[in-house]
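What follows is the content of query_35.cif, which has mmCIF, C-alpha atoms (C1' of nucleotides):
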data_work
#
loop_
_atom_site.label_atom_id
_atom_site.label_comp_id
_atom_site.auth_asym_id
_atom_site.auth_seq_id
_atom_site.Cartn_x
_atom_site.Cartn_y
_atom_site.Cartn_z
CA MET A 1 -3.17 -38.76 -14.42
CA PRO A 2 -1.12 -36.33 -16.53
CA LYS A 3 1.26 -33.56 -15.56
CA GLN A 4 1.34 -33.45 -11.78
CA ARG A 5 3.07 -30.69 -9.87
CA ASP A 6 4.79 -30.31 -6.52
CA VAL A 7 2.38 -27.98 -4.79
CA GLU A 8 4.47 -27.61 -1.66
CA ALA A 9 7.57 -26.61 -3.62
CA GLN A 10 5.57 -24.03 -5.54
CA ARG A 11 4.19 -22.51 -2.38
CA ASP A 12 7.66 -22.30 -0.87
CA LEU A 13 9.06 -20.74 -4.03
CA LEU A 14 6.33 -18.14 -4.10
CA SER A 15 6.56 -17.42 -0.38
CA ASN A 16 10.29 -16.82 -0.74
CA ALA A 17 9.65 -14.51 -3.68
CA THR A 18 7.08 -12.65 -1.59
CA TRP A 19 9.61 -12.32 1.18
CA GLN A 20 12.27 -10.93 -1.16
CA VAL A 21 9.95 -8.44 -2.82
CA LEU A 22 8.74 -7.27 0.56
CA ALA A 23 12.30 -6.74 1.77
CA GLU A 24 13.29 -4.88 -1.37
CA HIS A 25 10.33 -2.69 -2.23
CA GLY A 26 8.29 -2.69 0.94
CA LEU A 27 4.55 -3.23 1.26
CA PRO A 28 3.50 -0.86 -1.55
CA GLY A 29 5.73 -2.74 -3.99
CA LEU A 30 4.30 -6.11 -3.03
CA THR A 31 2.12 -6.97 -6.04
CA LEU A 32 1.27 -10.32 -7.55
CA ARG A 33 3.05 -9.33 -10.75
CA ALA A 34 6.22 -8.42 -8.85
CA VAL A 35 6.11 -11.71 -6.94
CA ALA A 36 5.56 -13.66 -10.14
CA GLU A 37 8.45 -11.91 -11.89
CA ARG A 38 10.75 -12.58 -8.93
CA ALA A 39 9.70 -16.23 -8.88
CA GLY A 40 10.25 -16.53 -12.63
CA CYS A 41 6.67 -17.30 -13.58
CA THR A 42 3.44 -15.48 -14.31
CA THR A 43 0.49 -14.47 -12.17
CA GLY A 44 -1.34 -17.50 -13.50
CA LEU A 45 0.81 -19.87 -11.50
CA VAL A 46 0.53 -17.69 -8.42
CA MET A 47 -3.25 -17.71 -8.57
CA HIS A 48 -3.26 -21.47 -9.03
CA ALA A 49 -0.99 -22.03 -6.01
CA PHE A 50 -2.85 -19.55 -3.79
CA PRO A 51 -6.53 -18.64 -4.10
CA THR A 52 -6.00 -14.97 -3.21
CA LYS A 53 -3.22 -12.51 -2.48
CA LYS A 54 -4.08 -12.61 1.20
CA ALA A 55 -3.48 -16.37 1.35
CA LEU A 56 -0.06 -15.79 -0.16
CA LEU A 57 0.66 -13.08 2.41
CA LEU A 58 -0.38 -15.31 5.29
CA HIS A 59 1.77 -18.17 4.02
CA ALA A 60 4.75 -15.83 3.72
CA ARG A 61 4.09 -14.65 7.26
CA ASP A 62 4.08 -18.23 8.48
CA LEU A 63 7.34 -18.83 6.66
CA LEU A 64 8.94 -15.87 8.46
CA TYR A 65 7.82 -17.26 11.81
CA GLU A 66 9.06 -20.73 10.94
CA ARG A 67 12.50 -19.42 10.01
CA THR A 68 12.94 -17.44 13.21
CA ALA A 69 11.70 -20.38 15.27
CA VAL A 70 14.18 -22.74 13.62
CA ARG A 71 17.04 -20.30 14.20
CA ALA A 72 16.02 -19.81 17.82
CA ASP A 73 15.82 -23.57 18.35
CA ALA A 74 19.29 -24.00 16.90
CA ALA A 75 20.71 -21.21 19.05
CA GLU A 76 19.18 -22.74 22.15
CA ALA A 77 20.31 -26.26 21.34
CA ALA A 78 23.90 -25.14 20.75
CA SER A 79 24.17 -23.69 24.24
CA THR A 80 25.24 -25.57 27.35
CA ASP A 81 23.61 -23.57 30.16
CA ALA A 82 20.44 -21.51 30.48
CA PHE A 83 22.16 -18.14 30.52
CA GLY A 84 24.16 -18.99 27.42
CA ALA A 85 20.98 -20.11 25.70
CA LEU A 86 19.23 -16.87 26.63
CA ALA A 87 22.11 -14.79 25.31
CA ALA A 88 22.25 -16.85 22.11
CA VAL A 89 18.51 -16.69 21.46
CA LEU A 90 18.34 -12.94 21.96
CA GLY A 91 21.61 -12.37 20.14
CA GLN A 92 20.46 -14.15 17.00
CA ALA A 93 17.24 -12.18 17.06
CA ILE A 94 19.32 -9.05 16.68
CA ASP A 95 20.97 -8.21 13.39
CA LEU A 96 23.24 -10.99 12.26
CA PRO A 97 26.46 -10.66 10.30
CA HIS A 98 25.32 -13.26 7.80
CA GLY A 99 23.05 -11.00 5.77
CA HIS A 100 19.82 -11.71 7.61
CA HIS A 101 19.41 -7.96 7.69
CA ASP A 102 16.36 -8.06 5.42
CA GLU A 103 14.43 -10.04 7.99
CA SER A 104 13.90 -6.96 10.15
CA ARG A 105 12.60 -5.02 7.17
CA VAL A 106 10.17 -7.80 6.33
CA TRP A 107 9.13 -8.00 9.96
CA VAL A 108 8.37 -4.28 10.04
CA GLY A 109 6.39 -4.60 6.83
CA PHE A 110 4.24 -7.39 8.22
CA LEU A 111 3.83 -5.49 11.48
CA ALA A 112 2.52 -2.41 9.69
CA ALA A 113 0.19 -4.58 7.62
CA ALA A 114 -1.01 -6.31 10.79
CA LEU A 115 -2.25 -2.98 12.17
CA ALA A 116 -4.96 -2.96 9.51
CA ASP A 117 -5.50 -6.71 8.94
CA ASP A 118 -6.93 -8.91 11.67
CA ASP A 119 -5.55 -12.17 10.28
CA LEU A 120 -2.03 -10.81 10.07
CA ALA A 121 -2.46 -9.28 13.52
CA GLY A 122 -3.31 -12.72 14.87
CA ARG A 123 -0.21 -14.27 13.34
CA HIS A 124 1.92 -11.47 14.74
CA ARG A 125 0.54 -11.91 18.25
CA ALA A 126 1.00 -15.66 18.10
CA ALA A 127 4.60 -15.34 16.93
CA ASN A 128 5.49 -12.69 19.48
CA ARG A 129 3.87 -14.59 22.34
CA SER A 130 5.72 -17.70 21.29
CA PHE A 131 8.97 -15.76 21.42
CA LEU A 132 7.97 -14.31 24.79
CA ALA A 133 7.28 -17.80 26.14
CA ARG A 134 10.70 -19.00 25.02
CA VAL A 135 12.51 -16.07 26.63
CA HIS A 136 10.35 -16.38 29.74
CA ARG A 137 11.31 -20.02 30.13
CA LEU A 138 15.01 -19.23 29.79
CA VAL A 139 14.92 -16.27 32.17
CA ALA A 140 13.08 -18.39 34.73
CA ALA A 141 15.76 -21.07 34.40
CA CYS A 142 18.43 -18.42 35.05
CA CYS A 143 16.70 -16.84 38.05
CA PRO A 144 14.59 -19.44 39.86
CA LYS A 145 14.03 -17.17 42.84
CA TRP A 146 12.27 -14.40 40.96
CA THR A 147 8.57 -13.73 41.37
CA GLY A 148 6.17 -13.99 38.47
CA GLU A 149 5.96 -10.23 38.16
CA ASP A 150 9.72 -9.79 37.98
CA LEU A 151 9.92 -12.56 35.40
CA GLU A 152 7.23 -11.04 33.24
CA ARG A 153 8.66 -7.53 33.36
CA THR A 154 12.21 -8.67 32.62
CA THR A 155 11.11 -10.97 29.81
CA LYS A 156 9.02 -8.35 28.05
CA SER A 157 11.72 -5.71 28.59
CA LEU A 158 14.32 -7.91 26.93
CA VAL A 159 12.04 -8.69 24.00
CA ALA A 160 11.08 -5.03 23.60
CA LEU A 161 14.73 -4.02 23.65
CA VAL A 162 15.63 -6.58 20.99
CA GLU A 163 12.71 -5.74 18.72
CA GLY A 164 13.26 -2.02 19.24
CA LEU A 165 16.89 -2.37 18.21
CA ASN A 166 15.80 -4.38 15.18
CA VAL A 167 13.27 -1.83 14.09
CA LEU A 168 15.50 1.18 14.61
CA ALA A 169 18.46 -0.50 12.93
CA ALA A 170 16.30 -1.41 9.93
CA ALA A 171 15.52 2.26 9.37
CA ASP A 172 18.90 3.71 10.40
CA PRO A 173 21.66 1.08 10.35
CA GLN A 174 24.34 3.73 10.67
CA THR A 175 23.11 4.87 14.08
CA TYR A 176 22.49 1.33 15.35
CA PRO A 177 25.41 -0.81 14.13
CA ALA A 178 25.65 -4.49 14.97
CA ASP A 179 28.31 -4.13 17.65
CA LEU A 180 26.30 -1.50 19.50
CA GLN A 181 23.24 -3.73 19.43
CA GLN A 182 25.21 -6.63 20.88
CA ALA A 183 26.72 -4.33 23.54
CA ALA A 184 23.26 -3.07 24.48
CA LEU A 185 22.03 -6.65 24.81
CA ARG A 186 25.04 -7.61 26.93
CA ALA A 187 24.38 -4.69 29.28
CA ALA A 188 20.72 -5.67 29.62
CA LEU A 189 21.68 -9.27 30.36
CA SER A 190 24.19 -8.30 33.05
CA VAL A 191 21.40 -8.03 35.61
CA ILE A 192 20.40 -11.62 34.92
CA SER A 193 23.97 -12.84 34.86
CA GLU A 194 24.39 -11.45 38.40
CA CYS A 195 21.20 -13.12 39.55
CA ALA A 196 22.21 -16.41 37.98
CA ARG A 197 25.38 -16.62 40.06
CA MET B 1 -7.90 40.58 -4.67
CA PRO B 2 -10.88 38.23 -4.29
CA LYS B 3 -11.47 35.14 -2.16
CA GLN B 4 -8.27 34.47 -0.28
CA ARG B 5 -7.74 31.35 1.76
CA ASP B 6 -5.76 30.41 4.84
CA VAL B 7 -3.23 28.06 3.29
CA GLU B 8 -1.61 27.14 6.58
CA ALA B 9 -4.92 26.16 8.18
CA GLN B 10 -5.78 24.00 5.20
CA ARG B 11 -2.48 22.20 5.33
CA ASP B 12 -2.92 21.55 9.04
CA LEU B 13 -6.46 20.31 8.51
CA LEU B 14 -5.36 17.94 5.78
CA SER B 15 -2.33 16.74 7.70
CA ASN B 16 -4.53 15.92 10.67
CA ALA B 17 -6.92 14.06 8.40
CA THR B 18 -3.98 12.15 6.94
CA TRP B 19 -2.86 11.28 10.44
CA GLN B 20 -6.32 10.00 11.43
CA VAL B 21 -6.78 7.93 8.29
CA LEU B 22 -3.35 6.42 8.74
CA ALA B 23 -4.11 5.51 12.36
CA GLU B 24 -7.46 3.98 11.46
CA HIS B 25 -6.89 2.13 8.20
CA GLY B 26 -3.13 1.89 7.98
CA LEU B 27 -0.96 2.64 5.00
CA PRO B 28 -3.01 0.73 2.43
CA GLY B 29 -6.10 2.74 3.38
CA LEU B 30 -4.31 6.05 3.03
CA THR B 31 -5.77 7.43 -0.21
CA LEU B 32 -6.42 11.00 -1.25
CA ARG B 33 -10.12 10.31 -1.41
CA ALA B 34 -10.15 8.93 2.15
CA VAL B 35 -8.18 11.96 3.41
CA ALA B 36 -10.53 14.35 1.64
CA GLU B 37 -13.60 12.63 3.06
CA ARG B 38 -12.15 12.72 6.57
CA ALA B 39 -11.30 16.41 6.15
CA GLY B 40 -14.79 17.14 4.85
CA CYS B 41 -13.78 18.28 1.38
CA THR B 42 -12.93 16.81 -2.00
CA THR B 43 -9.71 15.76 -3.65
CA GLY B 44 -9.74 19.09 -5.49
CA LEU B 45 -8.85 21.00 -2.35
CA VAL B 46 -6.22 18.46 -1.40
CA MET B 47 -4.47 18.76 -4.73
CA HIS B 48 -4.57 22.56 -4.50
CA ALA B 49 -3.07 22.57 -1.02
CA PHE B 50 -0.40 19.98 -1.86
CA PRO B 51 1.08 19.38 -5.30
CA THR B 52 1.30 15.59 -4.87
CA LYS B 53 0.36 12.88 -2.42
CA LYS B 54 3.98 12.57 -1.35
CA ALA B 55 4.10 16.22 -0.30
CA LEU B 56 1.05 15.59 1.86
CA LEU B 57 2.71 12.52 3.38
CA LEU B 58 5.89 14.45 4.18
CA HIS B 59 3.93 17.27 5.77
CA ALA B 60 2.01 14.80 7.91
CA ARG B 61 5.32 13.23 8.93
CA ASP B 62 6.64 16.63 9.97
CA LEU B 63 3.47 17.21 11.96
CA LEU B 64 4.01 13.96 13.86
CA TYR B 65 7.56 14.96 14.69
CA GLU B 66 6.44 18.41 15.78
CA ARG B 67 3.83 16.99 18.15
CA THR B 68 6.22 14.61 19.83
CA ALA B 69 8.83 17.34 20.16
CA VAL B 70 6.35 19.71 21.78
CA ARG B 71 5.23 17.03 24.22
CA ALA B 72 8.84 16.14 25.05
CA ASP B 73 9.66 19.82 25.61
CA ALA B 74 6.71 20.16 27.97
CA ALA B 75 7.65 17.02 29.90
CA GLU B 76 11.19 18.24 30.27
CA ALA B 77 10.19 21.77 31.32
CA ALA B 78 7.80 20.47 33.98
CA SER B 79 10.57 18.56 35.74
CA THR B 80 12.87 19.93 38.40
CA ASP B 81 15.95 17.73 38.14
CA ALA B 82 17.67 15.91 35.30
CA PHE B 83 16.59 12.42 36.38
CA GLY B 84 12.97 13.51 36.67
CA ALA B 85 13.18 15.08 33.23
CA LEU B 86 14.61 11.87 31.77
CA ALA B 87 11.87 9.78 33.35
CA ALA B 88 9.20 12.21 32.17
CA VAL B 89 10.50 12.41 28.59
CA LEU B 90 10.72 8.63 28.22
CA GLY B 91 7.47 8.08 30.09
CA GLN B 92 5.48 10.33 27.77
CA ALA B 93 6.99 8.58 24.77
CA ILE B 94 5.37 5.40 26.02
CA ASP B 95 1.64 4.85 25.82
CA LEU B 96 -0.26 7.70 27.45
CA PRO B 97 -3.59 7.53 29.24
CA HIS B 98 -4.95 10.47 27.25
CA GLY B 99 -5.75 8.57 24.09
CA HIS B 100 -2.52 9.24 22.24
CA HIS B 101 -2.47 5.54 21.55
CA ASP B 102 -2.88 6.08 17.79
CA GLU B 103 0.44 7.83 17.64
CA SER B 104 2.34 4.55 17.85
CA ARG B 105 0.29 3.09 15.04
CA VAL B 106 0.95 6.12 12.87
CA TRP B 107 4.63 5.94 13.75
CA VAL B 108 4.81 2.30 12.68
CA GLY B 109 3.05 3.17 9.44
CA PHE B 110 5.51 5.90 8.61
CA LEU B 111 8.40 3.65 9.61
CA ALA B 112 7.30 0.93 7.22
CA ALA B 113 6.83 3.50 4.47
CA ALA B 114 10.28 4.91 5.20
CA LEU B 115 11.85 1.54 4.39
CA ALA B 116 10.90 2.04 0.72
CA ASP B 117 10.95 5.87 0.46
CA ASP B 118 14.18 7.80 0.84
CA ASP B 119 12.54 11.10 1.76
CA LEU B 120 10.49 9.52 4.53
CA ALA B 121 13.58 7.62 5.66
CA GLY B 122 15.43 10.92 6.01
CA ARG B 123 12.66 12.40 8.13
CA HIS B 124 12.61 9.30 10.30
CA ARG B 125 16.36 9.40 10.88
CA ALA B 126 16.28 13.11 11.69
CA ALA B 127 13.44 12.67 14.17
CA ASN B 128 15.00 9.66 15.87
CA ARG B 129 18.41 11.28 16.12
CA SER B 130 16.82 14.38 17.60
CA PHE B 131 15.15 12.19 20.21
CA LEU B 132 18.45 10.40 20.81
CA ALA B 133 20.22 13.74 21.33
CA ARG B 134 17.64 14.81 23.89
CA VAL B 135 17.90 11.56 25.86
CA HIS B 136 21.69 11.64 25.56
CA ARG B 137 21.81 15.13 27.05
CA LEU B 138 19.60 14.12 29.98
CA VAL B 139 21.49 10.89 30.67
CA ALA B 140 24.77 12.81 30.62
CA ALA B 141 23.35 15.29 33.11
CA CYS B 142 22.38 12.40 35.40
CA CYS B 143 25.71 10.56 35.19
CA PRO B 144 28.51 13.08 34.57
CA LYS B 145 31.21 10.50 35.28
CA TRP B 146 30.27 8.14 32.47
CA THR B 147 32.41 7.68 29.40
CA GLY B 148 31.14 8.49 25.93
CA GLU B 149 30.70 4.83 25.11
CA ASP B 150 28.62 4.13 28.20
CA LEU B 151 26.51 7.18 27.47
CA GLU B 152 25.87 6.15 23.90
CA ARG B 153 25.01 2.55 24.75
CA THR B 154 22.69 3.52 27.60
CA THR B 155 20.97 6.22 25.56
CA LYS B 156 20.30 4.01 22.57
CA SER B 157 19.23 1.14 24.82
CA LEU B 158 16.65 3.33 26.53
CA VAL B 159 15.32 4.63 23.23
CA ALA B 160 15.21 1.14 21.75
CA LEU B 161 13.34 -0.14 24.79
CA VAL B 162 10.78 2.67 24.59
CA GLU B 163 10.22 2.33 20.86
CA GLY B 164 10.13 -1.45 21.12
CA LEU B 165 7.44 -1.25 23.78
CA ASN B 166 5.52 1.22 21.63
CA VAL B 167 5.66 -0.99 18.58
CA LEU B 168 4.77 -4.19 20.38
CA ALA B 169 1.96 -2.52 22.31
CA ALA B 170 0.54 -1.10 19.10
CA ALA B 171 0.18 -4.60 17.69
CA ASP B 172 -0.73 -6.41 20.93
CA PRO B 173 -1.97 -3.99 23.62
CA GLN B 174 -3.23 -6.86 25.75
CA THR B 175 0.23 -8.33 26.22
CA TYR B 176 1.90 -4.96 26.76
CA PRO B 177 -0.46 -2.90 28.95
CA ALA B 178 0.42 0.63 30.04
CA ASP B 179 1.39 -0.26 33.61
CA LEU B 180 3.80 -2.96 32.43
CA GLN B 181 5.42 -0.50 30.05
CA GLN B 182 5.91 2.02 32.82
CA ALA B 183 7.28 -0.69 35.13
CA ALA B 184 9.73 -1.79 32.44
CA LEU B 185 10.87 1.79 31.99
CA ARG B 186 11.30 2.25 35.75
CA ALA B 187 13.43 -0.89 35.95
CA ALA B 188 15.61 0.30 33.09
CA LEU B 189 16.04 3.70 34.74
CA SER B 190 17.02 2.22 38.09
CA VAL B 191 20.62 1.83 36.90
CA ILE B 192 20.79 5.53 36.17
CA SER B 193 19.04 6.49 39.38
CA GLU B 194 21.77 4.63 41.30
CA CYS B 195 24.48 6.37 39.34
CA ALA B 196 22.86 9.77 39.86
CA ARG B 197 23.09 9.46 43.62
"C1'" DC C 1 -24.16 46.67 -8.02
"C1'" DC C 2 -21.11 44.42 -10.98
"C1'" DC C 3 -16.87 42.75 -12.46
"C1'" DT C 4 -12.73 40.42 -11.90
"C1'" DT C 5 -9.94 37.10 -9.99
"C1'" DT C 6 -8.98 33.34 -7.14
"C1'" DC C 7 -10.68 29.16 -5.37
"C1'" DC C 8 -12.37 24.43 -5.32
"C1'" DG C 9 -15.88 20.92 -6.50
"C1'" DT C 10 -16.78 17.81 -10.61
"C1'" DA C 11 -15.68 14.64 -13.69
"C1'" DA C 12 -12.81 12.39 -16.57
"C1'" DC C 13 -8.29 10.00 -17.85
"C1'" DG C 14 -4.53 6.76 -17.93
"C1'" DG C 15 -2.45 3.28 -15.29
"C1'" DC C 16 -1.89 -0.39 -12.23
"C1'" DC C 17 -4.07 -3.46 -9.16
"C1'" DG C 18 -6.34 -8.27 -7.95
"C1'" DT C 19 -8.96 -11.47 -10.12
"C1'" DT C 20 -11.02 -14.36 -13.76
"C1'" DA C 21 -11.92 -16.94 -18.06
"C1'" DC C 22 -9.96 -19.21 -21.63
"C1'" DC C 23 -7.07 -22.05 -24.31
"C1'" DG C 24 -2.55 -23.90 -25.88
"C1'" DT C 25 0.40 -27.41 -24.06
"C1'" DA C 26 3.04 -30.71 -21.65
"C1'" DG C 27 3.27 -35.32 -19.89
"C1'" DC C 28 1.46 -39.91 -18.53
"C1'" DA C 29 -2.03 -44.12 -19.55
"C1'" DG C 30 -3.14 -47.38 -22.75
"C1'" DC D 1 2.20 -43.39 -30.75
"C1'" DT D 2 -2.06 -41.25 -29.48
"C1'" DG D 3 -5.44 -39.24 -26.76
"C1'" DC D 4 -6.84 -37.31 -22.46
"C1'" DT D 5 -6.38 -34.32 -18.63
"C1'" DA D 6 -4.47 -31.25 -15.35
"C1'" DC D 7 -1.46 -27.39 -15.63
"C1'" DG D 8 -0.21 -22.73 -16.33
"C1'" DG D 9 0.63 -18.85 -19.56
"C1'" DT D 10 -2.22 -15.01 -21.93
"C1'" DA D 11 -5.14 -11.54 -22.01
"C1'" DA D 12 -8.95 -9.17 -20.67
"C1'" DC D 13 -12.14 -7.08 -17.04
"C1'" DG D 14 -13.83 -4.12 -13.42
"C1'" DG D 15 -12.28 -1.17 -9.89
"C1'" DC D 16 -9.66 2.03 -7.48
"C1'" DC D 17 -5.69 4.80 -7.54
"C1'" DG D 18 -3.16 9.59 -8.31
"C1'" DT D 19 -3.51 13.22 -11.22
"C1'" DT D 20 -5.42 16.71 -14.38
"C1'" DA D 21 -8.60 19.95 -16.90
"C1'" DC D 22 -12.40 22.66 -16.64
"C1'" DG D 23 -16.23 25.38 -15.17
"C1'" DG D 24 -19.29 27.34 -11.64
"C1'" DA D 25 -19.23 29.90 -7.36
"C1'" DA D 26 -17.78 33.11 -4.05
"C1'" DA D 27 -15.70 37.33 -2.35
"C1'" DG D 28 -13.39 41.76 -2.30
"C1'" DG D 29 -12.54 46.32 -5.33
"C1'" DG D 30 -14.42 49.88 -8.26
#

Can you present the structure in this file as structure tokens?
Amino acid sequence: MPKQRDVEAQRDLLSNATWQVLAEHGLPGLTLRAVAERAGCTTGLVMHAFPTKKALLLHARDLLYERTAVRADAAEAASTDAFGALAAVLGQAIDLPHGHHDESRVWVGFLAAALADDDLAGRHRAANRSFLARVHRLVAACCPKWTGEDLERTTKSLVALVEGLNVLAAADPQTYPADLQQAALRAALSVISECAR
Amino acid sequence: MPKQRDVEAQRDLLSNATWQVLAEHGLPGLTLRAVAERAGCTTGLVMHAFPTKKALLLHARDLLYERTAVRADAAEAASTDAFGALAAVLGQAIDLPHGHHDESRVWVGFLAAALADDDLAGRHRAANRSFLARVHRLVAACCPKWTGEDLERTTKSLVALVEGLNVLAAADPQTYPADLQQAALRAALSVISECAR
DNA sequence: CCCTTTCCGTAACGGCCGTTACCGTAGCAG
DNA sequence: CTGCTACGGTAACGGCCGTTACGGAAAGGG
């Protein structure tokens, strides 16, 4: 049984390389050779770890979802009340100071790819609906008296605002700086904070 | 002086074809051969009308901006008061009943391309800032008493909400139907409608 | 009616892509 | 230490890309 490898570690390494290349050079620059160079190997290893380029893309997409889910879990767990958790979850989804700025660029790249690829579109929908469910749960905890329609509209408005800020800031960070994004989120949450009292 | 052509008409034809291909097959499907086939000609004509593929892309981007500007002008001119104009301008930016649903997909495509292309990024910033200026002017007309900071935050929040809804609806129309988008916009505008009174 | 000049379809080229086949090699069993 | 086997680096292939060169066709002037 000679020369065994750690398949999982390889897949993570390559998914991270995919993520970095995507953030740096966008979708058109995402080639197997670029990923291999970034990961410090050759295309041979890539094609042994993943059967096709699409499988690599899907795995990288899953990795992006996993990261955001972990961060959202942490933000929620660190909060004491429902409103604080809601503010923390939405706030970490917006541009962070700690250099997670690439994540929005990668997200936009996957989104654009999803418009022409059914598998990626499915992952996108699943991830977004998962995020919607989380926000929905927190909003409902803040405002128990609201009807289902109010809950749905507010939830999707908050998510759309956050993702819109992300997207616009990714393309024009000067016009949408971090403090403005946080201020916009605070203003949008003020309605809920009133209702929560 | 034999056999003259209408250069402008050709460029419009090809830009429209570019737009359609982009909406249908996304960025990866946007090739000169696909554009030529959609326009009913060959790549020879394309390369005579535009020196490079990038020039074609930029012209198509300008066309997209021009269309949205014309529609926004019309929406604004058809309104009687400032609040109505604001609601109309933002409402037409959201998903329309008249099949302009592709426009969001094209917009996302250009946005993703702009993340790796400086020229496209410049066009995107110019277009978005122009839209911001329009909304800013209308919000200021509605709420003359507001400070500059309030104006800026509200303006960018409204634009982020609208673009966020557009983007999310483009990838998951089932979760973000047209009536929900309009309801979300109405709720966001209610703050301004109170201030306008 | 023909000639000239512009136009544009045709076809080829070089390059980069994803993918594949092959073989040198590294590491564990005996 | 030696041989076997899975691993992964190398290089080539077919295909599609953007781009270019060329030649036939079409249209207005003489």

Excluding same-chain residues fewer than 3 positions from D:DA12, what lies within 12 Å of it counting all atoms listed in the file, as number ranges by chain? C: 19-22

Compile a residue-level contact table for chain B against chain A at a cut-off of 6 Å, reporting for every qualifying residue the shortest atom pair and its distance in Å to one decimal, with all atoms listed in the file counted, rows ordered by chain and ascending number, as CSV.
residue,atom,partner,partner_atom,distance
B:His25,CA,A:Ala116,CA,5.6
B:Gly26,CA,A:Ala116,CA,5.4
B:Gly109,CA,A:Ala112,CA,5.6
B:Ala112,CA,A:Gly109,CA,5.6
B:Ala116,CA,A:Gly26,CA,5.4
B:Arg153,CA,A:Ala184,CA,5.9
B:Ser157,CA,A:Ala184,CA,5.8
B:Ala160,CA,A:Gly164,CA,4.5
B:Leu161,CA,A:Leu161,CA,4.3
B:Glu163,CA,A:Gly164,CA,5.5
B:Gly164,CA,A:Gly164,CA,3.7
B:Leu165,CA,A:Ala160,CA,5.3
B:Ala184,CA,A:Ser157,CA,5.8

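The set of residues that the PyMOL selection byres ((chain B) within 8 of (chain D)) takes from this file is Met1, Pro2, Lys3, Thr31, Leu32 and Lys53 of chain B.
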
Of B:Ser104, B:His136, B:His59, B:Ala72, the one sitting nearest B:Gly91 when using only C-alpha atoms is B:Ala72

Taking all atoms listed in the file into account, produce a table as a Markdown table in which each residue of chain B with an atom at most 10 Å from an atom of chain C appears once, together with its shortest atom pair and the distance in Å to one decimal, ordered by chain and rising number.
| residue | atom | partner | partner_atom | distance |
| --- | --- | --- | --- | --- |
| B:Met1 | CA | C:DT5 | C1' | 6.7 |
| B:Pro2 | CA | C:DT5 | C1' | 5.9 |
| B:Lys3 | CA | C:DT6 | C1' | 5.9 |
| B:Gln4 | CA | C:DT6 | C1' | 7.0 |
| B:Arg5 | CA | C:DC7 | C1' | 8.0 |
| B:Cys41 | CA | C:DG9 | C1' | 8.6 |
| B:Thr42 | CA | C:DG9 | C1' | 6.8 |
| B:Thr43 | CA | C:DG9 | C1' | 8.5 |
| B:Gly44 | CA | C:DC8 | C1' | 6.0 |
| B:Leu45 | CA | C:DC8 | C1' | 5.7 |
| B:Val46 | CA | C:DC8 | C1' | 9.4 |
| B:Met47 | CA | C:DC8 | C1' | 9.7 |
| B:His48 | CA | C:DC8 | C1' | 8.1 |

Atoms to include: C-alpha atoms. Write the selected residues as a short mmCIF file (atom, residue, chain, number, x, y, z; two decimals), keeping the file's coordinate frame.
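Once everything was written out, this is part.cif:
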data_model
loop_
_atom_site.label_atom_id
_atom_site.label_comp_id
_atom_site.auth_asym_id
_atom_site.auth_seq_id
_atom_site.Cartn_x
_atom_site.Cartn_y
_atom_site.Cartn_z
CA MET B 1 -7.90 40.58 -4.67
CA PRO B 2 -10.88 38.23 -4.29
CA LYS B 3 -11.47 35.14 -2.16
CA GLN B 4 -8.27 34.47 -0.28
CA ARG B 5 -7.74 31.35 1.76
CA CYS B 41 -13.78 18.28 1.38
CA THR B 42 -12.93 16.81 -2.00
CA THR B 43 -9.71 15.76 -3.65
CA GLY B 44 -9.74 19.09 -5.49
CA LEU B 45 -8.85 21.00 -2.35
CA VAL B 46 -6.22 18.46 -1.40
CA MET B 47 -4.47 18.76 -4.73
CA HIS B 48 -4.57 22.56 -4.50
#

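Interatomic distance, atom CA of B:Thr18 against atom CA of B:Gly40: 12.1 Å.
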
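Going from atom CA of A:Ala75 to atom CA of A:Gln10 covers 29.0 Å.
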
Pairwise distance, atom CA of B:Cys143 with atom CA of B:Tyr65, equals 27.7 Å

Quick one: apply the PyMOL selection byres ((chain A and resi 17) around 8) to the file and drop the selected residues here as a list in words.
Leu13, Leu14, Ser15, Asn16, Thr18, Trp19, Gln20, Val21, Val35, Ala36, Arg38 and Ala39 of chain A

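The shortest atom-to-atom distance to A:Arg134, with all atoms listed in the file taken into account, belongs to A:Glu76 out of A:Glu194, A:Asp12, A:Asp6, A:Glu76.
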